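Have a look at target.pdb; it's PDB, C-alpha atoms:
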```pdb
ATOM      1  CA  MET A   1     270.216 -64.834 125.787
ATOM      2  CA  ASN A   2     273.009 -63.175 123.887
ATOM      3  CA  GLU A   3     274.458 -59.693 124.190
ATOM      4  CA  ALA A   4     272.265 -58.173 121.461
ATOM      5  CA  THR A   5     269.021 -58.750 123.358
ATOM      6  CA  HIS A   6     270.438 -56.884 126.343
ATOM      7  CA  ILE A   7     271.521 -53.863 124.350
ATOM      8  CA  GLU A   8     268.190 -53.356 122.629
ATOM      9  CA  HIS A   9     265.685 -52.811 125.402
ATOM     10  CA  ARG A  10     262.077 -53.548 124.570
ATOM     11  CA  ASP A  11     259.211 -53.088 126.967
ATOM     12  CA  TYR A  12     256.306 -55.002 125.408
ATOM     13  CA  THR A  13     254.185 -54.859 128.531
ATOM     14  CA  GLY A  14     254.630 -51.090 128.760
ATOM     15  CA  ALA A  15     253.842 -50.598 125.060
ATOM     16  CA  LYS A  16     250.735 -52.744 125.269
ATOM     17  CA  LEU A  17     249.615 -51.099 128.492
ATOM     18  CA  GLY A  18     249.859 -47.710 126.775
ATOM     19  CA  MET A  19     247.771 -49.010 123.883
ATOM     20  CA  TRP A  20     245.124 -50.410 126.221
ATOM     21  CA  LEU A  21     244.907 -47.107 128.104
ATOM     22  CA  PHE A  22     244.324 -45.360 124.778
ATOM     23  CA  LEU A  23     241.654 -47.930 123.919
ATOM     24  CA  PHE A  24     239.935 -47.129 127.244
ATOM     25  CA  THR A  25     239.625 -43.485 126.158
ATOM     26  CA  GLU A  26     238.120 -44.754 122.894
ATOM     27  CA  ILE A  27     235.629 -46.850 124.862
ATOM     28  CA  MET A  28     234.650 -43.742 126.829
ATOM     29  CA  LEU A  29     234.301 -41.707 123.593
ATOM     30  CA  PHE A  30     231.853 -44.229 122.146
ATOM     31  CA  GLY A  31     230.389 -44.908 125.606
ATOM     32  CA  GLY A  32     229.159 -41.322 125.809
ATOM     33  CA  MET A  33     227.397 -41.737 122.476
ATOM     34  CA  PHE A  34     225.923 -45.083 123.527
ATOM     35  CA  LEU A  35     224.579 -43.369 126.654
ATOM     36  CA  LEU A  36     222.936 -40.668 124.517
ATOM     37  CA  TYR A  37     221.502 -43.367 122.247
ATOM     38  CA  SER A  38     220.023 -45.337 125.141
ATOM     39  CA  ILE A  39     218.382 -42.236 126.655
ATOM     40  CA  TYR A  40     216.771 -41.133 123.386
ATOM     41  CA  ARG A  41     215.792 -44.675 122.504
ATOM     42  CA  THR A  42     213.986 -44.975 125.858
ATOM     43  CA  THR A  43     212.296 -41.605 125.344
ATOM     44  CA  TYR A  44     211.334 -42.126 121.680
ATOM     45  CA  THR A  45     211.009 -45.926 121.445
ATOM     46  CA  THR A  46     208.401 -46.067 118.635
ATOM     47  CA  ASP A  47     210.153 -43.395 116.542
ATOM     48  CA  PHE A  48     213.427 -45.317 116.778
ATOM     49  CA  HIS A  49     211.719 -48.542 115.708
ATOM     50  CA  GLU A  50     210.065 -46.790 112.761
ATOM     51  CA  ALA A  51     213.282 -45.039 111.663
ATOM     52  CA  ALA A  52     215.296 -48.285 111.823
ATOM     53  CA  LYS A  53     213.065 -49.701 109.062
ATOM     54  CA  GLU A  54     215.050 -47.510 106.660
ATOM     55  CA  MET A  55     218.157 -49.606 107.378
ATOM     56  CA  SER A  56     219.097 -52.588 105.249
ATOM     57  CA  VAL A  57     219.747 -55.534 107.581
ATOM     58  CA  THR A  58     221.463 -57.300 104.661
ATOM     59  CA  ILE A  59     224.108 -54.579 104.177
ATOM     60  CA  GLY A  60     224.550 -54.350 107.960
ATOM     61  CA  ALA A  61     224.980 -58.128 108.255
ATOM     62  CA  ILE A  62     227.439 -58.233 105.326
ATOM     63  CA  ASN A  63     229.481 -55.460 106.942
ATOM     64  CA  THR A  64     229.423 -57.326 110.268
ATOM     65  CA  VAL A  65     230.761 -60.481 108.608
ATOM     66  CA  ILE A  66     233.393 -58.416 106.742
ATOM     67  CA  LEU A  67     234.666 -56.784 109.956
ATOM     68  CA  LEU A  68     234.636 -60.059 111.920
ATOM     69  CA  THR A  69     236.608 -61.758 109.153
ATOM     70  CA  SER A  70     239.062 -58.852 109.002
ATOM     71  CA  SER A  71     239.607 -59.290 112.748
ATOM     72  CA  LEU A  72     240.447 -62.940 112.110
ATOM     73  CA  THR A  73     242.966 -62.108 109.359
ATOM     74  CA  MET A  74     244.496 -59.392 111.565
ATOM     75  CA  ALA A  75     244.962 -61.869 114.435
ATOM     76  CA  LEU A  76     246.411 -64.432 112.016
ATOM     77  CA  SER A  77     248.860 -61.883 110.577
ATOM     78  CA  ILE A  78     250.219 -61.241 114.094
ATOM     79  CA  SER A  79     250.722 -64.917 114.930
ATOM     80  CA  ALA A  80     252.311 -65.443 111.498
ATOM     81  CA  LEU A  81     254.810 -62.647 112.167
ATOM     82  CA  GLN A  82     255.551 -64.055 115.622
ATOM     83  CA  ARG A  83     256.372 -67.376 113.960
ATOM     84  CA  ALA A  84     258.654 -65.491 111.514
ATOM     85  CA  GLU A  85     256.375 -66.325 108.570
ATOM     86  CA  LYS A  86     256.815 -62.954 106.883
ATOM     87  CA  ARG A  87     255.040 -63.673 103.596
ATOM     88  CA  ARG A  88     252.026 -65.178 105.373
ATOM     89  CA  SER A  89     251.839 -62.176 107.698
ATOM     90  CA  LEU A  90     251.987 -59.757 104.747
ATOM     91  CA  LEU A  91     249.266 -61.718 102.948
ATOM     92  CA  PHE A  92     246.953 -61.546 105.973
ATOM     93  CA  GLN A  93     247.648 -57.836 106.468
ATOM     94  CA  ALA A  94     246.785 -57.209 102.809
ATOM     95  CA  VAL A  95     243.541 -59.196 103.153
ATOM     96  CA  THR A  96     242.684 -57.159 106.270
ATOM     97  CA  ILE A  97     243.202 -53.923 104.305
ATOM     98  CA  LEU A  98     241.001 -55.195 101.449
ATOM     99  CA  LEU A  99     238.237 -56.232 103.864
ATOM    100  CA  GLY A 100     238.401 -52.826 105.587
ATOM    101  CA  LEU A 101     238.074 -51.136 102.193
ATOM    102  CA  ALA A 102     235.116 -53.399 101.337
ATOM    103  CA  PHE A 103     233.451 -52.283 104.589
ATOM    104  CA  LEU A 104     233.890 -48.624 103.660
ATOM    105  CA  VAL A 105     232.618 -49.192 100.085
ATOM    106  CA  ASN A 106     229.468 -50.784 101.556
ATOM    107  CA  LYS A 107     229.109 -47.845 103.936
ATOM    108  CA  TYR A 108     229.411 -45.464 100.972
ATOM    109  CA  PHE A 109     226.557 -47.164  99.106
ATOM    110  CA  GLU A 110     224.513 -47.296 102.288
ATOM    111  CA  TRP A 111     224.949 -43.598 103.077
ATOM    112  CA  THR A 112     224.350 -42.412  99.492
ATOM    113  CA  GLY A 113     221.159 -44.533  99.544
ATOM    114  CA  HIS A 114     219.928 -42.714 102.673
ATOM    115  CA  ILE A 115     220.875 -39.346 101.240
ATOM    116  CA  ARG A 116     219.005 -40.110  97.990
ATOM    117  CA  HIS A 117     215.917 -40.866 100.090
ATOM    118  CA  GLY A 118     216.326 -37.466 101.707
ATOM    119  CA  TYR A 119     217.629 -38.706 105.062
ATOM    120  CA  TYR A 120     220.598 -36.554 105.919
ATOM    121  CA  PRO A 121     221.188 -34.014 108.694
ATOM    122  CA  ASN A 122     218.968 -30.935 108.260
ATOM    123  CA  SER A 123     217.280 -32.292 105.115
ATOM    124  CA  PRO A 124     213.749 -30.887 104.601
ATOM    125  CA  GLU A 125     212.307 -34.448 104.557
ATOM    126  CA  LEU A 126     213.944 -35.304 107.840
ATOM    127  CA  LEU A 127     213.022 -32.060 109.580
ATOM    128  CA  ALA A 128     209.366 -32.656 108.657
ATOM    129  CA  MET A 129     209.465 -35.935 110.592
ATOM    130  CA  SER A 130     208.964 -36.563 114.271
ATOM    131  CA  HIS A 131     211.599 -35.516 116.771
ATOM    132  CA  GLY A 132     212.609 -39.085 117.584
ATOM    133  CA  LYS A 133     213.374 -39.933 113.943
ATOM    134  CA  VAL A 134     215.536 -36.826 113.611
ATOM    135  CA  LEU A 135     217.456 -37.949 116.710
ATOM    136  CA  TYR A 136     217.786 -41.510 115.368
ATOM    137  CA  PHE A 137     219.329 -40.336 112.111
ATOM    138  CA  GLY A 138     221.499 -37.796 113.919
ATOM    139  CA  LEU A 139     222.909 -40.524 116.163
ATOM    140  CA  TYR A 140     223.168 -42.931 113.233
ATOM    141  CA  TYR A 141     225.304 -40.525 111.202
ATOM    142  CA  VAL A 142     227.501 -39.458 114.125
ATOM    143  CA  MET A 143     228.108 -42.955 115.521
ATOM    144  CA  THR A 144     228.604 -44.870 112.276
ATOM    145  CA  GLY A 145     230.507 -41.844 110.907
ATOM    146  CA  ILE A 146     232.994 -41.720 113.778
ATOM    147  CA  HIS A 147     233.234 -45.514 113.574
ATOM    148  CA  GLY A 148     233.947 -45.184 109.821
ATOM    149  CA  ILE A 149     236.708 -42.662 110.521
ATOM    150  CA  HIS A 150     238.201 -45.214 112.918
ATOM    151  CA  VAL A 151     238.115 -47.867 110.179
ATOM    152  CA  LEU A 152     239.860 -45.404 107.835
ATOM    153  CA  ILE A 153     242.546 -44.600 110.445
ATOM    154  CA  GLY A 154     242.956 -48.324 111.165
ATOM    155  CA  LEU A 155     243.494 -48.981 107.452
ATOM    156  CA  GLY A 156     246.144 -46.254 107.317
ATOM    157  CA  VAL A 157     247.979 -47.767 110.291
ATOM    158  CA  ILE A 158     247.826 -51.300 108.795
ATOM    159  CA  CYS A 159     249.295 -49.905 105.528
ATOM    160  CA  PHE A 160     252.079 -48.482 107.709
ATOM    161  CA  THR A 161     252.755 -51.798 109.494
ATOM    162  CA  PHE A 162     252.650 -53.534 106.069
ATOM    163  CA  ILE A 163     255.558 -51.316 104.936
ATOM    164  CA  LEU A 164     257.369 -51.924 108.251
ATOM    165  CA  THR A 165     256.948 -55.685 107.775
ATOM    166  CA  VAL A 166     258.240 -55.512 104.174
ATOM    167  CA  ARG A 167     261.270 -53.562 105.391
ATOM    168  CA  GLY A 168     261.822 -55.989 108.246
ATOM    169  CA  THR A 169     261.421 -53.301 110.927
ATOM    170  CA  SER A 170     258.476 -55.311 112.176
ATOM    171  CA  SER A 171     259.571 -58.930 112.493
ATOM    172  CA  SER A 172     259.417 -62.009 114.679
ATOM    173  CA  THR A 173     261.740 -60.261 117.147
ATOM    174  CA  ASP A 174     259.838 -56.955 117.107
ATOM    175  CA  TYR A 175     256.130 -57.324 116.472
ATOM    176  CA  ILE A 176     254.728 -54.905 119.039
ATOM    177  CA  LYS A 177     253.697 -52.294 116.437
ATOM    178  CA  LEU A 178     251.680 -54.882 114.545
ATOM    179  CA  GLU A 179     250.195 -56.227 117.774
ATOM    180  CA  ASN A 180     249.086 -52.769 118.953
ATOM    181  CA  THR A 181     247.657 -52.031 115.504
ATOM    182  CA  GLY A 182     245.730 -55.280 115.867
ATOM    183  CA  LEU A 183     244.373 -54.149 119.250
ATOM    184  CA  PHE A 184     243.053 -50.951 117.653
ATOM    185  CA  TRP A 185     241.516 -52.845 114.734
ATOM    186  CA  HIS A 186     239.778 -55.319 117.047
ATOM    187  CA  LEU A 187     238.366 -52.509 119.196
ATOM    188  CA  VAL A 188     236.847 -50.935 116.075
ATOM    189  CA  ASP A 189     235.303 -54.361 115.428
ATOM    190  CA  VAL A 190     233.957 -54.556 119.010
ATOM    191  CA  ILE A 191     232.255 -51.155 118.590
ATOM    192  CA  TRP A 192     230.610 -52.312 115.351
ATOM    193  CA  ILE A 193     229.380 -55.446 117.151
ATOM    194  CA  TYR A 194     227.240 -53.117 119.295
ATOM    195  CA  LEU A 195     226.329 -50.632 116.536
ATOM    196  CA  PHE A 196     224.861 -53.352 114.311
ATOM    197  CA  PRO A 197     222.035 -54.546 116.603
ATOM    198  CA  LEU A 198     221.371 -51.065 118.022
ATOM    199  CA  PHE A 199     220.776 -49.395 114.644
ATOM    200  CA  TYR A 200     219.735 -52.211 112.300
ATOM    201  CA  LEU A 201     217.893 -54.757 114.410
ATOM    202  CA  ILE A 202     215.386 -52.705 116.406
ATOM    203  CA  THR A 203     212.408 -52.743 114.041
TER     204      THR A 203
ATOM    205  CA  MET B   1     262.255 -63.491 126.236
ATOM    206  CA  GLU B   2     260.550 -66.497 127.819
ATOM    207  CA  GLU B   3     257.194 -64.688 127.921
ATOM    208  CA  LYS B   4     257.138 -64.706 124.113
ATOM    209  CA  GLN B   5     256.222 -68.360 123.967
ATOM    210  CA  GLU B   6     252.789 -67.943 125.545
ATOM    211  CA  HIS B   7     251.652 -65.551 122.803
ATOM    212  CA  TYR B   8     251.764 -68.272 120.168
ATOM    213  CA  ILE B   9     248.129 -69.034 119.539
ATOM    214  CA  ARG B  10     247.051 -71.806 117.216
ATOM    215  CA  THR B  11     245.362 -70.886 113.936
ATOM    216  CA  LYS B  12     242.631 -73.399 114.767
ATOM    217  CA  THR B  13     241.679 -71.454 117.911
ATOM    218  CA  PHE B  14     241.264 -68.244 115.919
ATOM    219  CA  ILE B  15     239.166 -69.924 113.230
ATOM    220  CA  LEU B  16     236.902 -71.503 115.873
ATOM    221  CA  VAL B  17     236.423 -68.082 117.534
ATOM    222  CA  TRP B  18     235.617 -66.563 114.144
ATOM    223  CA  ALA B  19     233.069 -69.327 113.410
ATOM    224  CA  ALA B  20     231.443 -68.691 116.803
ATOM    225  CA  LEU B  21     231.242 -64.965 116.001
ATOM    226  CA  ILE B  22     229.511 -65.677 112.664
ATOM    227  CA  VAL B  23     227.026 -68.059 114.326
ATOM    228  CA  LEU B  24     226.278 -65.420 116.990
ATOM    229  CA  THR B  25     225.681 -62.830 114.239
ATOM    230  CA  ALA B  26     223.119 -65.166 112.640
ATOM    231  CA  MET B  27     221.571 -65.676 116.096
ATOM    232  CA  THR B  28     221.242 -61.955 116.754
ATOM    233  CA  ILE B  29     219.429 -61.424 113.421
ATOM    234  CA  THR B  30     217.078 -64.336 114.206
ATOM    235  CA  ALA B  31     216.442 -62.978 117.716
ATOM    236  CA  ALA B  32     215.539 -59.573 116.271
ATOM    237  CA  ARG B  33     213.091 -61.145 113.791
ATOM    238  CA  MET B  34     211.287 -63.092 116.507
ATOM    239  CA  ARG B  35     209.644 -59.833 117.680
ATOM    240  CA  MET B  36     209.806 -60.474 121.402
ATOM    241  CA  GLY B  37     209.524 -56.770 122.152
ATOM    242  CA  GLU B  38     211.937 -55.574 124.797
ATOM    243  CA  TRP B  39     213.199 -59.132 125.226
ATOM    244  CA  SER B  40     214.786 -59.069 121.766
ATOM    245  CA  MET B  41     216.732 -55.968 122.778
ATOM    246  CA  LEU B  42     217.989 -57.770 125.883
ATOM    247  CA  ALA B  43     218.826 -60.872 123.808
ATOM    248  CA  ASN B  44     220.658 -58.720 121.235
ATOM    249  CA  LEU B  45     222.685 -56.917 123.895
ATOM    250  CA  LEU B  46     223.617 -60.224 125.533
ATOM    251  CA  ILE B  47     224.687 -61.702 122.180
ATOM    252  CA  ALA B  48     226.647 -58.532 121.322
ATOM    253  CA  SER B  49     228.417 -58.690 124.698
ATOM    254  CA  THR B  50     229.263 -62.365 124.155
ATOM    255  CA  LYS B  51     230.737 -61.485 120.742
ATOM    256  CA  ALA B  52     232.673 -58.544 122.201
ATOM    257  CA  SER B  53     234.034 -60.808 124.960
ATOM    258  CA  LEU B  54     235.206 -63.385 122.405
ATOM    259  CA  VAL B  55     237.049 -60.692 120.419
ATOM    260  CA  LEU B  56     238.615 -59.214 123.563
ATOM    261  CA  TRP B  57     239.528 -62.575 125.106
ATOM    262  CA  PHE B  58     241.043 -64.298 122.047
ATOM    263  CA  PHE B  59     241.691 -61.829 119.198
ATOM    264  CA  MET B  60     242.946 -59.116 121.572
ATOM    265  CA  HIS B  61     244.916 -61.755 123.544
ATOM    266  CA  LEU B  62     243.417 -60.700 126.885
ATOM    267  CA  LYS B  63     243.319 -64.388 127.860
ATOM    268  CA  TYR B  64     247.096 -64.633 127.494
ATOM    269  CA  GLU B  65     247.959 -61.270 129.079
ATOM    270  CA  LYS B  66     249.216 -60.542 132.570
ATOM    271  CA  LYS B  67     246.613 -60.137 135.293
ATOM    272  CA  ILE B  68     246.974 -56.338 135.326
ATOM    273  CA  PHE B  69     245.491 -56.084 131.796
ATOM    274  CA  LYS B  70     242.413 -58.045 132.844
ATOM    275  CA  MET B  71     241.990 -55.991 136.009
ATOM    276  CA  LEU B  72     242.456 -52.669 134.211
ATOM    277  CA  PHE B  73     239.819 -53.556 131.653
ATOM    278  CA  LEU B  74     237.255 -53.645 134.454
ATOM    279  CA  ILE B  75     237.750 -49.889 134.988
ATOM    280  CA  PRO B  76     236.128 -48.627 131.736
ATOM    281  CA  ILE B  77     233.438 -51.322 132.052
ATOM    282  CA  ALA B  78     232.631 -50.233 135.631
ATOM    283  CA  THR B  79     232.707 -46.548 134.637
ATOM    284  CA  LEU B  80     230.294 -47.162 131.745
ATOM    285  CA  THR B  81     227.983 -49.254 133.923
ATOM    286  CA  ILE B  82     227.827 -46.540 136.579
ATOM    287  CA  MET B  83     227.396 -43.799 133.959
ATOM    288  CA  ILE B  84     224.578 -45.537 132.068
ATOM    289  CA  GLY B  85     223.022 -47.139 135.166
ATOM    290  CA  PHE B  86     222.756 -43.930 137.184
ATOM    291  CA  THR B  87     221.387 -42.000 134.198
ATOM    292  CA  PHE B  88     218.639 -44.596 133.913
ATOM    293  CA  PHE B  89     217.757 -44.298 137.598
ATOM    294  CA  ASP B  90     217.073 -40.674 136.776
ATOM    295  CA  ILE B  91     215.045 -41.433 133.646
ATOM    296  CA  TRP B  92     212.955 -44.203 135.166
ATOM    297  CA  TYR B  93     212.142 -42.627 138.536
ATOM    298  CA  ARG B  94     211.849 -38.979 137.620
TER     299      ARG B  94
END
```
When written as structure tokens, how does the structure in this file appear?
Amino acid sequence: MNEATHIEHRDYTGAKLGMWLFLFTEIMLFGGMFLLYSIYRTTYTTDFHEAAKEMSVTIGAINTVILLTSSLTMALSISALQRAEKRRSLLFQAVTILLGLAFLVNKYFEWTGHIRHGYYPNSPELLAMSHGKVLYFGLYYVMTGIHGIHVLIGLGVICFTFILTVRGTSSSTDYIKLENTGLFWHLVDVIWIYLFPLFYLIT
Amino acid sequence: MEEKQEHYIRTKTFILVWAALIVLTAMTITAARMRMGEWSMLANLLIASTKASLVLWFFMHLKYEKKIFKMLFLIPIATLTIMIGFTFFDIWYR
């Protein structure tokens, strides 16, 4: 160890601990919605099964594969930066951003499809349906919507770490920002892992 | 500085985890199509939890973290279990 490492104090454990504590609050945010989902699903089982037929399993599966792959590229970008392979890390971060965008584009087509069929909050078609279906679509829009916002925020943060990596602020000696961004991105992936079977695979 | 070394994870490990996640996704779709009633929901939740564990353990480096990270993660899991579990005691036995 030379003098420089002593002068610049870095607390990686502290930084990561802070990130994990934030992720716990995110788990509780989605946990509350999962609780609501499970109660209504138990109360209106048949309605939920009927309403889920409106979902395209194909689009859901494609989006699952996209997010899982983006998690892989995110993890690879971190290990590349740790090994001081800057170009490789930048490449993987860029791929992660593109995959995140692809996820949102799919979501856009999916949502506009539902809206064209008249399934959107307070639509006359939806209000004419049974109570359980209204609740299913309400939960669907809120949960995948808040998840989508998280994807969007994640993309913004990865763009930020991309710039930091280009500038050399994030590097093999200081990769905690990229690592914490990765933690956030993976958590968004974990939430989607549960959303996919709960909304698409219950017919 | 010496703790840095343990964070180096091989690319092969990540790709294997990713492949497992894709296979589990295919499994969850198959399980849903088998129409086993409530059993498919249980199967899907178990598969989802396996996938989530893989992401947490490898991609989120929980495997390579200090013990405190692993212990702390049990807190939100326990809280959620109590929250959802107790609500269901109310729903089932009301």
May I ask you to extract the residues of chain B within 7 Å of chain A, using only C-alpha atoms, and to give them as a PyMOL selection string?
-> chain B and resi 8-9+11+14+18+22+29+32+44+48+52+55+59-60+76+80+84
Go ahead and write the selection's residues with C-alpha atoms as a CSV table (one decimal), in the frame of the given file.
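result_29.csv, written as the output of this step:
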```csv
chain,number,residue,atom,x,y,z
B,8,TYR,CA,251.8,-68.3,120.2
B,9,ILE,CA,248.1,-69.0,119.5
B,11,THR,CA,245.4,-70.9,113.9
B,14,PHE,CA,241.3,-68.2,115.9
B,18,TRP,CA,235.6,-66.6,114.1
B,22,ILE,CA,229.5,-65.7,112.7
B,29,ILE,CA,219.4,-61.4,113.4
B,32,ALA,CA,215.5,-59.6,116.3
B,44,ASN,CA,220.7,-58.7,121.2
B,48,ALA,CA,226.6,-58.5,121.3
B,52,ALA,CA,232.7,-58.5,122.2
B,55,VAL,CA,237.0,-60.7,120.4
B,59,PHE,CA,241.7,-61.8,119.2
B,60,MET,CA,242.9,-59.1,121.6
B,76,PRO,CA,236.1,-48.6,131.7
B,80,LEU,CA,230.3,-47.2,131.7
B,84,ILE,CA,224.6,-45.5,132.1
```
What residues come out when you apply the PyMOL selection byres ((chain A and resi 174) around 12) to this file, written as a count of residues only?
-> 29
May I ask for the distance between CA of Thr28 in chain B and CA of Met41 in chain B, given in Å to one decimal place?
->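 Computed distance, CA of Thr28 in chain B to CA of Met41 in chain B, equals 9.6 Å.
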What is the distance, in Å and to one decimal place, between CA of Ala52 in chain A and CA of Gly85 in chain B?
-> 24.6 Å
Residues matched by the PyMOL selection byres ((chain A and resi 142-148) around 9), written as an mmCIF file with C-alpha atoms, in the frame of the given file:
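Generated file (part-v4.cif):
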```
data_model
loop_
_atom_site.group_PDB
_atom_site.id
_atom_site.type_symbol
_atom_site.label_atom_id
_atom_site.label_comp_id
_atom_site.auth_asym_id
_atom_site.auth_seq_id
_atom_site.Cartn_x
_atom_site.Cartn_y
_atom_site.Cartn_z
ATOM 1 C CA PHE A 30 231.853 -44.229 122.146
ATOM 2 C CA MET A 33 227.397 -41.737 122.476
ATOM 3 C CA PHE A 34 225.923 -45.083 123.527
ATOM 4 C CA PHE A 103 233.451 -52.283 104.589
ATOM 5 C CA LEU A 104 233.890 -48.624 103.660
ATOM 6 C CA LYS A 107 229.109 -47.845 103.936
ATOM 7 C CA PHE A 137 219.329 -40.336 112.111
ATOM 8 C CA GLY A 138 221.499 -37.796 113.919
ATOM 9 C CA LEU A 139 222.909 -40.524 116.163
ATOM 10 C CA TYR A 140 223.168 -42.931 113.233
ATOM 11 C CA TYR A 141 225.304 -40.525 111.202
ATOM 12 C CA ILE A 149 236.708 -42.662 110.521
ATOM 13 C CA HIS A 150 238.201 -45.214 112.918
ATOM 14 C CA VAL A 151 238.115 -47.867 110.179
ATOM 15 C CA LEU A 152 239.860 -45.404 107.835
ATOM 16 C CA ILE A 153 242.546 -44.600 110.445
ATOM 17 C CA VAL A 188 236.847 -50.935 116.075
ATOM 18 C CA ILE A 191 232.255 -51.155 118.590
ATOM 19 C CA TRP A 192 230.610 -52.312 115.351
ATOM 20 C CA LEU A 195 226.329 -50.632 116.536
#
```
Figure out the distance between CA of Ile47 in chain B and CA of Asp47 in chain A, please, to one decimal in Å.
->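 Interatomic distance, CA of Asp47 in chain A to CA of Ile47 in chain B: 24.0 Å.
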Check what the PyMOL selection byres ((chain A and resi 50) around 10) selects in the file above and give those residues as a list in words.
-> Thr45, Thr46, Asp47, Phe48, His49, Ala51, Ala52, Lys53, Glu54, Gly132, Lys133, Tyr136, Ile202 and Thr203 of chain A
With all atoms listed in the file as the atoms that count, which of A:Val134, A:Met19, A:Met55, A:Leu67 lies nearest to Thr96 in chain A?
-> A:Leu67
